[in-house]
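> My structure is stored as coords_20.txt, with compact mmCIF, C-alpha atoms.
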# COMPACT_ATOMS: atom_id res chain seq x y z
CA MET A 1 118.79 99.47 104.99
CA TYR A 2 119.08 95.71 105.01
CA CYS A 3 122.34 94.49 106.59
CA GLY A 4 123.45 98.11 106.70
CA PRO A 5 124.19 98.27 110.46
CA PHE A 6 126.25 95.08 110.32
CA TYR A 7 128.24 96.25 107.31
CA TYR A 8 128.82 99.63 108.91
CA LEU A 9 130.00 98.03 112.16
CA CYS A 10 132.46 95.79 110.33
CA ALA A 11 133.84 98.68 108.30
CA LYS A 12 134.05 101.12 111.21
CA HIS A 13 135.89 98.83 113.60
CA ASN A 14 137.86 96.91 110.98
CA VAL A 15 136.57 93.60 112.29
CA THR A 16 138.17 91.61 109.49
CA LYS A 17 141.70 92.77 110.33
CA LEU A 18 141.00 92.29 114.01
CA ILE A 19 140.02 88.67 113.50
CA ARG A 20 142.95 88.01 111.17
CA GLY A 21 145.32 89.25 113.84
CA SER A 22 143.81 87.11 116.57
CA ARG A 23 145.47 83.75 117.23
CA LYS A 24 142.28 82.48 118.85
CA ALA A 25 140.17 82.96 115.74
CA SER A 26 139.43 79.68 113.99
CA THR A 27 139.25 79.15 110.24
CA THR A 28 135.49 78.59 110.59
CA THR A 29 135.05 81.94 112.35
CA LEU A 30 136.97 83.74 109.61
CA THR A 31 134.92 82.02 106.90
CA ILE A 32 131.62 82.93 108.56
CA MET A 33 132.66 86.54 109.09
CA HIS A 34 133.79 86.96 105.49
CA SER A 35 130.58 85.37 104.21
CA LEU A 36 128.44 87.72 106.31
CA ILE A 37 130.38 90.78 105.19
CA THR A 38 130.13 89.72 101.53
CA LEU A 39 126.37 89.18 101.93
CA ALA A 40 125.95 92.62 103.53
CA ILE A 41 127.92 94.36 100.77
CA THR A 42 126.03 92.51 98.01
CA THR A 43 122.63 93.29 99.57
CA ARG A 44 123.56 96.93 99.99
CA THR A 45 124.62 97.15 96.34
CA ILE A 46 121.38 95.55 95.12
CA ILE A 47 119.21 97.93 97.16
CA LYS A 48 121.15 100.98 95.97
CA THR A 49 120.83 99.82 92.35
CA LEU A 50 117.08 99.25 92.74
CA ALA A 51 116.63 102.68 94.30
CA ARG A 52 118.69 104.38 91.58
CA GLU A 53 116.91 102.63 88.70
CA SER A 54 113.50 103.26 90.24
CA GLN A 55 114.37 106.93 90.59
CA THR A 56 115.24 107.14 86.89
CA GLY A 57 112.08 105.28 85.89
CA ARG A 58 113.85 102.14 84.65
CA VAL A 59 112.25 99.78 87.18
CA LYS A 60 108.69 99.02 86.21
CA THR A 61 106.05 96.64 87.47
CA ARG A 62 104.53 94.45 84.78
CA PHE A 63 100.86 95.29 84.37
CA PRO A 64 98.14 93.06 82.92
CA SER A 65 97.03 93.83 79.38
CA PHE A 66 93.70 95.25 78.19
CA ALA A 67 93.98 93.11 75.04
CA ASP A 68 90.81 91.26 74.04
CA LEU A 69 88.77 92.91 76.79
CA LYS A 70 85.58 94.89 76.30
CA PRO A 71 84.07 97.50 78.64
CA ALA A 72 80.98 96.49 80.59
CA SER A 73 79.12 99.44 79.04
CA VAL A 74 79.69 102.79 77.37
CA VAL A 75 79.05 104.53 80.69
CA SER A 76 81.57 102.28 82.47
CA SER A 77 84.19 102.98 79.82
CA ARG A 78 83.60 106.74 80.04
CA THR A 79 83.83 106.63 83.85
CA LYS A 80 87.14 104.74 83.88
CA LYS A 81 88.65 107.09 81.27
CA SER A 82 87.66 110.12 83.34
CA ASN A 83 89.57 108.87 86.40
CA ARG A 84 92.58 111.10 86.97
CA SER A 85 96.00 109.94 88.18
CA GLN A 86 96.59 113.27 89.91
CA GLY A 87 94.63 116.30 91.00
CA THR A 88 91.78 114.14 92.31
CA LYS A 89 89.12 115.59 94.59
CA HIS A 90 90.45 113.98 97.76
CA GLU A 91 94.01 115.11 96.97
CA LEU A 92 92.90 118.71 96.45
CA LEU A 93 90.79 118.55 99.60
CA LEU A 94 93.77 117.45 101.69
CA MET A 95 96.14 119.94 100.08
CA ARG A 96 93.78 122.82 100.87
CA GLU A 97 93.59 121.74 104.51
CA LEU A 98 97.38 121.38 104.76
CA LYS A 99 97.84 124.89 103.40
CA HIS A 100 95.17 126.13 105.80
CA ILE A 101 97.17 124.90 108.80
CA GLY A 102 100.34 126.52 107.48
CA LEU A 103 102.23 123.66 105.83
CA HIS A 104 104.29 124.21 102.68
CA PHE A 105 104.94 121.33 100.31
CA LYS A 106 105.53 120.24 96.74
CA HIS A 107 103.08 118.06 94.85
CA HIS A 108 103.28 115.35 92.18
CA VAL A 109 107.08 115.23 92.16
CA LYS A 110 108.00 113.28 89.03
CA ASN A 111 111.65 112.59 89.85
CA LEU A 112 110.79 110.46 92.89
CA PRO A 113 109.64 106.82 92.75
CA GLY A 114 105.85 106.59 92.54
CA LYS A 115 105.48 110.31 91.71
CA PRO A 116 104.30 111.17 95.25
CA ASP A 117 101.18 113.31 95.65
CA ILE A 118 102.58 115.50 98.44
CA VAL A 119 106.26 115.97 99.33
CA PHE A 120 107.93 117.75 102.24
CA PRO A 121 111.56 117.88 101.01
CA ARG A 122 113.19 119.38 104.10
CA GLN A 123 111.51 116.93 106.48
CA GLN A 124 111.98 113.99 104.06
CA VAL A 125 108.29 113.05 104.34
CA ILE A 126 106.13 111.81 101.46
CA ILE A 127 102.33 111.51 101.38
CA PHE A 128 100.36 109.31 98.98
CA CYS A 129 96.60 109.90 98.68
CA ASP A 130 95.48 106.44 97.60
CA GLY A 131 92.16 105.84 95.86
CA ASP A 132 90.21 103.04 97.54
CA PHE A 133 89.51 101.17 94.30
CA TRP A 134 92.79 101.55 92.44
CA HIS A 135 95.03 100.77 95.41
CA GLY A 136 92.96 97.89 96.76
CA ARG A 137 91.51 98.96 100.07
CA ASN A 138 89.81 96.02 101.82
CA TRP A 139 91.33 93.93 99.07
CA ARG A 140 89.93 90.54 100.10
CA ALA A 141 86.31 91.73 100.06
CA ARG A 142 86.87 93.78 96.89
CA TRP A 143 88.56 90.83 95.17
CA HIS A 144 85.45 88.65 95.57
CA LYS A 145 83.28 91.37 94.03
CA LEU A 146 85.65 92.05 91.13
CA ILE A 147 86.09 88.43 90.14
CA LYS A 148 82.32 88.06 89.72
CA GLY A 149 81.98 91.15 87.53
CA THR A 150 82.82 92.01 83.93
CA ASN A 151 86.50 91.41 83.06
CA GLY A 152 86.97 90.16 86.61
CA LYS A 153 90.30 88.42 85.97
CA TYR A 154 91.77 91.57 84.48
CA TRP A 155 90.72 93.78 87.39
CA LYS A 156 91.97 91.25 89.92
CA ALA A 157 95.38 91.26 88.21
CA LYS A 158 95.38 95.04 87.69
CA ILE A 159 94.60 96.02 91.29
CA GLY A 160 96.85 93.24 92.58
CA SER A 161 99.76 94.63 90.56
CA ASN A 162 99.03 98.14 91.91
CA ILE A 163 99.28 96.80 95.46
CA GLU A 164 102.63 95.14 94.71
CA ARG A 165 103.92 98.30 93.03
CA ASP A 166 102.99 100.35 96.11
CA LYS A 167 105.05 97.98 98.27
CA ILE A 168 108.06 98.34 95.97
CA VAL A 169 107.72 102.14 95.93
CA ASN A 170 107.50 102.23 99.73
CA GLU A 171 110.64 100.15 100.20
CA THR A 172 112.58 102.12 97.58
CA LEU A 173 111.69 105.47 99.14
CA LYS A 174 112.57 104.23 102.62
CA THR A 175 115.93 103.08 101.26
CA LEU A 176 116.47 106.60 99.93
CA GLY A 177 115.79 108.00 103.41
CA TRP A 178 112.16 109.12 103.06
CA LYS A 179 109.33 108.58 105.53
CA VAL A 180 106.27 107.32 103.64
CA VAL A 181 102.69 108.00 104.73
CA ARG A 182 99.72 106.59 102.81
CA VAL A 183 96.18 107.81 103.43
CA TRP A 184 92.96 106.47 101.94
CA GLU A 185 90.55 108.42 99.77
CA THR A 186 87.47 107.88 101.94
CA ASP A 187 89.40 108.70 105.13
CA ILE A 188 90.47 112.02 103.62
CA LYS A 189 86.90 112.84 102.61
CA SER A 190 85.44 111.82 105.98
CA HIS A 191 88.16 113.12 108.32
CA THR A 192 90.08 115.78 106.41
CA GLN A 193 91.15 117.81 109.44
CA LYS A 194 92.18 114.72 111.41
CA ILE A 195 94.35 113.45 108.54
CA ALA A 196 95.91 116.90 108.10
CA GLN A 197 96.80 117.03 111.81
CA GLN A 198 98.42 113.60 111.60
CA ILE A 199 100.57 114.84 108.72
CA PHE A 200 101.33 118.04 110.63
CA ARG A 201 102.72 115.96 113.53
CA ALA A 202 104.73 113.81 111.13
CA VAL A 203 106.57 116.77 109.61
CA LYS A 204 107.08 118.84 112.77
Kindly return the structure encoded in the file as structure tokens.

Amino acid sequence: MYCGPFYYLCAKHNVTKLIRGSRKASTTTLTIMHSLITLAITTRTIIKTLARESQTGRVKTRFPSFADLKPASVVSSRTKKSNRSQGTKHELLLMRELKHIGLHFKHHVKNLPGKPDIVFPRQQVIIFCDGDFWHGRNWRARWHKLIKGTNGKYWKAKIGSNIERDKIVNETLKTLGWKVVRVWETDIKSHTQKIAQQIFRAVK
């Protein structure tokens, strides 16, 4: 947690009282110490608030709007609508392999930030199975392709906001004490057993 170790050290050893009782401590030293402690406490409070609000679903990333946009084609529209937010093929593939090697887990836990795909509660480990397109794998190369296509500005903003949301979710979960592992869709499909073994080592 940001500034956590410093705040903890000050509280544990009562640094403030120690400095106050020292004749050698200058006014400048006292001012600096109090400023640092105040900063640490404020930062800690902000992070806890963010984690709590994210956990209750109150913190949301602003997403670009579909307003005034038209699908590239009927087939394209049908394809996008058929995309699932959970229970995707690569998720199911990885879950089957994890069960095969003897791991027990929960999936799609709604009361955690980001609604993680796979959760190991006892080990405090969370796995996200990220789709290459929706979560912006190779984002720079993908960005150039998207911007040239139909509704390019929208998709650039949409995928960009997904990337930022993932960063916020990661930081919030880490603040809550979770270890976060993200694996890509095509990696799962190409190297299912290898990915499963990496997760096995992370939780054991």
> From the set A:Asn170, A:Thr175, A:Asn151, A:Gln193, which residue has the shortest atom-to-atom contact distance to Phe128 of chain A, counting only C-alpha atoms?
A:Asn170
> Given the choices A:Ile188, A:Met95, A:Leu103, A:Phe133, which gets closest to Ala202 of chain A if the distance is worked out from only C-alpha atoms?
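When distances to Ala202 of chain A are compared using only C-alpha atoms, the smallest one comes from A:Leu103.
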> To one decimal in Å, tell me the separation between atom CA of Thr172 of chain A and atom CA of Lys153 of chain A.
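Atom CA of Lys153 of chain A lies at a distance of 28.6 Å from atom CA of Thr172 of chain A.
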> What gap, in Å, lies between atom CA of Thr186 of chain A and atom CA of Asp117 of chain A?
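Going from atom CA of Thr186 of chain A over to atom CA of Asp117 of chain A covers 16.0 Å.
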> List as a PyMOL selection string the protein and nucleic acid residues near Gly177 of chain A, meaning an atom at most 12 Å away when all atoms listed in the file are counted, but skip any in the same chain fewer than 3 places from it.
chain A and resi 1+48+51+112+121-126+170-174+180
> For atom CA of Ile195 of chain A and atom CA of Trp178 of chain A, determine how far apart the two atoms are, in Å to one decimal place.
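Interatomic distance here is 19.1 Å.
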> Let me make sure I understand: among A:Val119, A:Cys129, A:Val109, A:Ile159, which one has the smallest atom-to-atom distance to Leu92 of chain A if we use only C-alpha atoms?
A:Cys129
> Neighbours of Asp166 of chain A within 10 Å (all atoms listed in the file; same-chain residues fewer than 2 positions away dropped), as a PyMOL selection string?
chain A and resi 61+113-114+128+130+135+161-164+168-172+182
> Using only C-alpha atoms, pick whichever of A:Ile118, A:Lys89, A:Lys106, A:Arg165 has the shortest atom-to-atom distance to Ala196 of chain A.
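Once distances to Ala196 of chain A are computed over only C-alpha atoms, the minimum belongs to A:Ile118.
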> Could you check the closest approach to Trp134 of chain A for each of A:His100, A:Lys167, A:Lys110, A:Lys156 and tell me which residue wins, using all atoms listed in the file?
A:Lys156
> Would you fill the gaps in segment 86-115 of chain A so it has N, CA and C atoms, then print it as a JSON list (two decimals), in the frame of the given file?

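So rebuild-v9.json came out as:
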[["chain", "number", "residue", "atom", "x", "y", "z"],
["A", 86, "GLN", "N", 96.21, 112.23, 88.96],
["A", 86, "GLN", "CA", 96.59, 113.27, 89.91],
["A", 86, "GLN", "C", 95.57, 114.40, 89.87],
["A", 87, "GLY", "N", 95.59, 115.22, 90.92],
["A", 87, "GLY", "CA", 94.63, 116.30, 91.00],
["A", 87, "GLY", "C", 93.23, 115.82, 91.29],
["A", 88, "THR", "N", 93.10, 114.67, 91.99],
["A", 88, "THR", "CA", 91.78, 114.14, 92.31],
["A", 88, "THR", "C", 91.14, 114.98, 93.42],
["A", 89, "LYS", "N", 89.84, 114.78, 93.62],
["A", 89, "LYS", "CA", 89.12, 115.59, 94.59],
["A", 89, "LYS", "C", 89.66, 115.42, 96.01],
["A", 90, "HIS", "N", 89.95, 114.19, 96.39],
["A", 90, "HIS", "CA", 90.45, 113.98, 97.76],
["A", 90, "HIS", "C", 91.87, 114.53, 97.95],
["A", 91, "GLU", "N", 92.68, 114.49, 96.89],
["A", 91, "GLU", "CA", 94.01, 115.11, 96.97],
["A", 91, "GLU", "C", 93.89, 116.61, 97.19],
["A", 92, "LEU", "N", 93.08, 117.26, 96.36],
["A", 92, "LEU", "CA", 92.90, 118.71, 96.45],
["A", 92, "LEU", "C", 92.32, 119.11, 97.80],
["A", 93, "LEU", "N", 91.41, 118.29, 98.31],
["A", 93, "LEU", "CA", 90.79, 118.55, 99.60],
["A", 93, "LEU", "C", 91.84, 118.54, 100.71],
["A", 94, "LEU", "N", 92.72, 117.54, 100.68],
["A", 94, "LEU", "CA", 93.77, 117.45, 101.69],
["A", 94, "LEU", "C", 94.80, 118.56, 101.54],
["A", 95, "MET", "N", 95.17, 118.87, 100.31],
["A", 95, "MET", "CA", 96.14, 119.94, 100.08],
["A", 95, "MET", "C", 95.63, 121.29, 100.60],
["A", 96, "ARG", "N", 94.37, 121.57, 100.38],
["A", 96, "ARG", "CA", 93.78, 122.82, 100.87],
["A", 96, "ARG", "C", 93.85, 122.89, 102.39],
["A", 97, "GLU", "N", 93.56, 121.76, 103.03],
["A", 97, "GLU", "CA", 93.59, 121.74, 104.51],
["A", 97, "GLU", "C", 95.02, 121.88, 105.03],
["A", 98, "LEU", "N", 95.98, 121.26, 104.35],
["A", 98, "LEU", "CA", 97.38, 121.38, 104.76],
["A", 98, "LEU", "C", 97.87, 122.82, 104.64],
["A", 99, "LYS", "N", 97.48, 123.48, 103.57],
["A", 99, "LYS", "CA", 97.84, 124.89, 103.40],
["A", 99, "LYS", "C", 97.16, 125.75, 104.46],
["A", 100, "HIS", "N", 95.93, 125.38, 104.80],
["A", 100, "HIS", "CA", 95.17, 126.13, 105.80],
["A", 100, "HIS", "C", 95.85, 126.11, 107.17],
["A", 101, "ILE", "N", 96.50, 124.99, 107.50],
["A", 101, "ILE", "CA", 97.17, 124.90, 108.80],
["A", 101, "ILE", "C", 98.64, 125.32, 108.73],
["A", 102, "GLY", "N", 99.02, 125.89, 107.58],
["A", 102, "GLY", "CA", 100.34, 126.52, 107.48],
["A", 102, "GLY", "C", 101.47, 125.65, 106.98],
["A", 103, "LEU", "N", 101.17, 124.52, 106.35],
["A", 103, "LEU", "CA", 102.23, 123.66, 105.83],
["A", 103, "LEU", "C", 102.55, 123.99, 104.38],
["A", 104, "HIS", "N", 103.83, 123.94, 104.05],
["A", 104, "HIS", "CA", 104.29, 124.21, 102.68],
["A", 104, "HIS", "C", 104.89, 122.92, 102.12],
["A", 105, "PHE", "N", 104.53, 122.60, 100.90],
["A", 105, "PHE", "CA", 104.94, 121.33, 100.31],
["A", 105, "PHE", "C", 104.99, 121.42, 98.78],
["A", 106, "LYS", "N", 105.57, 120.40, 98.18],
["A", 106, "LYS", "CA", 105.53, 120.24, 96.74],
["A", 106, "LYS", "C", 104.53, 119.12, 96.43],
["A", 107, "HIS", "N", 104.03, 119.12, 95.19],
["A", 107, "HIS", "CA", 103.08, 118.06, 94.85],
["A", 107, "HIS", "C", 103.39, 117.44, 93.50],
["A", 108, "HIS", "N", 103.09, 116.14, 93.40],
["A", 108, "HIS", "CA", 103.28, 115.35, 92.18],
["A", 108, "HIS", "C", 104.72, 115.50, 91.64],
["A", 109, "VAL", "N", 105.65, 115.13, 92.50],
["A", 109, "VAL", "CA", 107.08, 115.23, 92.16],
["A", 109, "VAL", "C", 107.46, 114.05, 91.27],
["A", 110, "LYS", "N", 107.79, 114.33, 90.03],
["A", 110, "LYS", "CA", 108.00, 113.28, 89.03],
["A", 110, "LYS", "C", 109.34, 112.58, 89.15],
["A", 111, "ASN", "N", 110.33, 113.21, 89.79],
["A", 111, "ASN", "CA", 111.65, 112.59, 89.85],
["A", 111, "ASN", "C", 111.84, 111.71, 91.08],
["A", 112, "LEU", "N", 110.74, 111.40, 91.77],
["A", 112, "LEU", "CA", 110.79, 110.46, 92.89],
["A", 112, "LEU", "C", 109.98, 109.21, 92.54],
["A", 113, "PRO", "N", 110.39, 108.05, 93.04],
["A", 113, "PRO", "CA", 109.64, 106.82, 92.75],
["A", 113, "PRO", "C", 108.17, 106.94, 93.16],
["A", 114, "GLY", "N", 107.28, 106.54, 92.26],
["A", 114, "GLY", "CA", 105.85, 106.59, 92.54],
["A", 114, "GLY", "C", 105.20, 107.94, 92.30],
["A", 115, "LYS", "N", 105.99, 108.95, 91.92],
["A", 115, "LYS", "CA", 105.48, 110.31, 91.71],
["A", 115, "LYS", "C", 104.56, 110.73, 92.87]]
